[in-house]
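J.: Structure: work_5.pdb, PDB, C-alpha atoms.
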ATOM      1  CA  MET L  15      -6.636  17.145  37.366
ATOM      2  CA  GLN L  16      -7.368  16.118  40.926
ATOM      3  CA  ALA L  17      -8.615  12.676  41.895
ATOM      4  CA  GLY L  18     -12.386  12.759  42.108
ATOM      5  CA  SER L  19     -12.682  16.063  40.239
ATOM      6  CA  ASP L  20     -15.397  16.673  37.686
ATOM      7  CA  ASP L  21     -14.710  16.544  33.974
ATOM      8  CA  PRO L  22     -13.270  19.769  32.580
ATOM      9  CA  PRO L  23     -15.830  22.227  31.202
ATOM     10  CA  PRO L  24     -16.372  21.888  27.433
ATOM     11  CA  SER L  25     -14.722  25.254  26.697
ATOM     12  CA  GLU L  26     -11.593  24.241  28.638
ATOM     13  CA  LEU L  27     -11.465  20.888  26.843
ATOM     14  CA  SER L  28     -11.969  22.580  23.484
ATOM     15  CA  HIS L  29      -9.159  25.044  24.218
ATOM     16  CA  ALA L  30      -6.800  22.277  25.332
ATOM     17  CA  GLY L  31      -7.633  20.298  22.200
ATOM     18  CA  ALA L  32      -6.884  23.298  19.994
ATOM     19  CA  VAL L  33      -3.497  23.779  21.688
ATOM     20  CA  VAL L  34      -2.646  20.101  21.194
ATOM     21  CA  ASP L  35      -3.720  20.314  17.524
ATOM     22  CA  LYS L  36      -1.370  23.277  17.021
ATOM     23  CA  ALA L  37       1.486  21.427  18.746
ATOM     24  CA  ILE L  38       0.940  18.435  16.460
ATOM     25  CA  GLU L  39       0.836  20.709  13.418
ATOM     26  CA  TYR L  40       4.099  22.345  14.513
ATOM     27  CA  MET L  41       5.870  19.022  15.135
ATOM     28  CA  THR L  42       4.671  17.663  11.795
ATOM     29  CA  GLY L  43       6.081  20.793  10.147
ATOM     30  CA  GLN L  44       9.401  20.025  11.854
ATOM     31  CA  ASN L  45       9.392  16.618  10.097
ATOM     32  CA  ILE L  46       8.865  14.705  13.335
ATOM     33  CA  GLY L  47       7.247  11.365  12.570
ATOM     34  CA  SER L  48       3.690  10.566  13.587
ATOM     35  CA  LEU L  49       4.729   7.702  15.853
ATOM     36  CA  ALA L  50       7.252   9.891  17.692
ATOM     37  CA  ILE L  51       4.669  12.659  18.130
ATOM     38  CA  ALA L  52       1.992  10.265  19.363
ATOM     39  CA  SER L  53       4.408   8.512  21.727
ATOM     40  CA  ALA L  54       5.543  11.816  23.216
ATOM     41  CA  LEU L  55       1.968  13.025  23.676
ATOM     42  CA  LEU L  56       0.910   9.727  25.235
ATOM     43  CA  GLY L  57       3.897   9.722  27.586
ATOM     44  CA  GLY L  58       3.187  13.294  28.632
ATOM     45  CA  SER L  59      -0.484  12.490  29.132
ATOM     46  CA  MET L  60       0.322   9.484  31.298
ATOM     47  CA  ALA L  61       2.700  11.549  33.430
ATOM     48  CA  LEU L  62       0.039  14.248  33.868
ATOM     49  CA  LEU L  63      -2.589  11.679  34.863
ATOM     50  CA  ALA L  64      -0.181  10.088  37.354
ATOM     51  CA  ARG L  65       0.202  13.421  39.148
ATOM     52  CA  GLY L  66      -3.477  13.579  40.068
ATOM     53  CA  LEU L  67      -5.002  10.103  39.856
ATOM     54  CA  ASP L  68      -4.406   6.770  41.510
ATOM     55  CA  ASP L  69      -3.269   3.808  39.437
ATOM     56  CA  GLU L  70      -6.737   2.227  39.264
ATOM     57  CA  ALA L  71      -8.248   5.415  37.835
ATOM     58  CA  ILE L  72      -5.535   5.479  35.171
ATOM     59  CA  VAL L  73      -6.208   1.815  34.353
ATOM     60  CA  ARG L  74      -9.923   2.608  33.872
ATOM     61  CA  ILE L  75      -9.040   5.453  31.499
ATOM     62  CA  LEU L  76      -6.764   3.134  29.516
ATOM     63  CA  GLN L  77      -9.443   0.425  29.427
ATOM     64  CA  ASN L  78     -11.898   2.971  28.003
ATOM     65  CA  ALA L  79      -9.320   3.918  25.382
ATOM     66  CA  ILE L  80      -8.793   0.257  24.465
ATOM     67  CA  ALA L  81     -12.560  -0.243  24.162
ATOM     68  CA  SER L  82     -12.738   2.768  21.809
ATOM     69  CA  VAL L  83     -10.023   1.275  19.602
ATOM     70  CA  ARG L  84     -11.661  -2.158  19.531
ATOM     71  CA  SER L  85     -15.120  -0.756  18.734
ATOM     72  CA  GLY L  86     -13.811   1.314  15.832
ATOM     73  CA  GLU L  87     -14.899   4.530  17.547
ATOM     74  CA  LEU L  88     -11.388   5.929  17.223
ATOM     75  CA  ARG L  89     -11.562   5.636  13.436
ATOM     76  CA  GLY L  90     -15.190   6.697  13.214
ATOM     77  CA  HIS L  91     -16.610   3.299  12.267
ATOM     78  CA  THR L  92     -16.982  -0.214  13.588
ATOM     79  CA  GLY L  93     -14.932  -3.188  12.530
ATOM     80  CA  HIS L  94     -11.268  -3.518  11.700
ATOM     81  CA  ALA L  95      -9.289  -1.125   9.551
TER      82      ALA L  95
END
In structure tokens, how does this file's structure come out?
T.:
Amino acid sequence: MQAGSDDPPPSELSHAGAVVDKAIEYMTGQNIGSLAIASALLGGSMALLARGLDDEAIVRILQNAIASVRSGELRGHTGHA
């Protein structure tokens, strides 16, 4: 992803999501724990973002992610779990 680029087309995002889902399924089948899988995916995602975005853009992405967690959007409802 290049700084200032448009969002990926929905088909590209859908394909990437399917690949990630399969990777998670594979790692789970290898008895890798959920926290280890999530940490590895997050670390890889951060490294990928750092290749194409400035630090402030990454901070905005992380702030949006934090807002999603706080609003309950991540779990599909509002309030605390």
J.: List the residues selected by the PyMOL selection byres ((chain L and resi 24-37) around 12) in the file shown, writing them as a list in words.
T.: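 Selected by the PyMOL selection byres ((chain L and resi 24-37) around 12) here: Asp20, Asp21, Pro22, Pro23, Ile38, Glu39, Tyr40, Met41, Thr42, Gly43, Gln44, Ile46, Ile51, Ala52, Ala54, Leu55, Leu56, Gly58 and Ser59 of chain L.
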J.: Go ahead and write the selection's residues with C-alpha atoms as a PDB file, in the frame of the given file.
T.:
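And here is the file that came out, out25.pdb:
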ATOM      1  CA  ASP L  20     -15.397  16.673  37.686  1.00  0.00           C
ATOM      2  CA  ASP L  21     -14.710  16.544  33.974  1.00  0.00           C
ATOM      3  CA  PRO L  22     -13.270  19.769  32.580  1.00  0.00           C
ATOM      4  CA  PRO L  23     -15.830  22.227  31.202  1.00  0.00           C
ATOM      5  CA  ILE L  38       0.940  18.435  16.460  1.00  0.00           C
ATOM      6  CA  GLU L  39       0.836  20.709  13.418  1.00  0.00           C
ATOM      7  CA  TYR L  40       4.099  22.345  14.513  1.00  0.00           C
ATOM      8  CA  MET L  41       5.870  19.022  15.135  1.00  0.00           C
ATOM      9  CA  THR L  42       4.671  17.663  11.795  1.00  0.00           C
ATOM     10  CA  GLY L  43       6.081  20.793  10.147  1.00  0.00           C
ATOM     11  CA  GLN L  44       9.401  20.025  11.854  1.00  0.00           C
ATOM     12  CA  ILE L  46       8.865  14.705  13.335  1.00  0.00           C
ATOM     13  CA  ILE L  51       4.669  12.659  18.130  1.00  0.00           C
ATOM     14  CA  ALA L  52       1.992  10.265  19.363  1.00  0.00           C
ATOM     15  CA  ALA L  54       5.543  11.816  23.216  1.00  0.00           C
ATOM     16  CA  LEU L  55       1.968  13.025  23.676  1.00  0.00           C
ATOM     17  CA  LEU L  56       0.910   9.727  25.235  1.00  0.00           C
ATOM     18  CA  GLY L  58       3.187  13.294  28.632  1.00  0.00           C
ATOM     19  CA  SER L  59      -0.484  12.490  29.132  1.00  0.00           C
TER      20      SER L  59
END
J.: If I take atom CA of Leu88 of chain L and atom CA of Leu76 of chain L, how far is one from the other in Å, to one decimal?
T.: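 Taking atom CA of Leu88 of chain L and atom CA of Leu76 of chain L, their separation equals 13.4 Å.
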J.: Expressed in Å to a single decimal, how great is the separation between atom CA of Ala79 of chain L and atom CA of Met60 of chain L?
T.: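 Pair atom CA of Ala79 of chain L / atom CA of Met60 of chain L returns 12.6 Å.
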J.: What does the distance between atom CA of Ala71 of chain L and atom CA of Arg89 of chain L come to in Å, to one decimal place?
T.: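 Taking atom CA of Ala71 of chain L and atom CA of Arg89 of chain L, their separation equals 24.6 Å.
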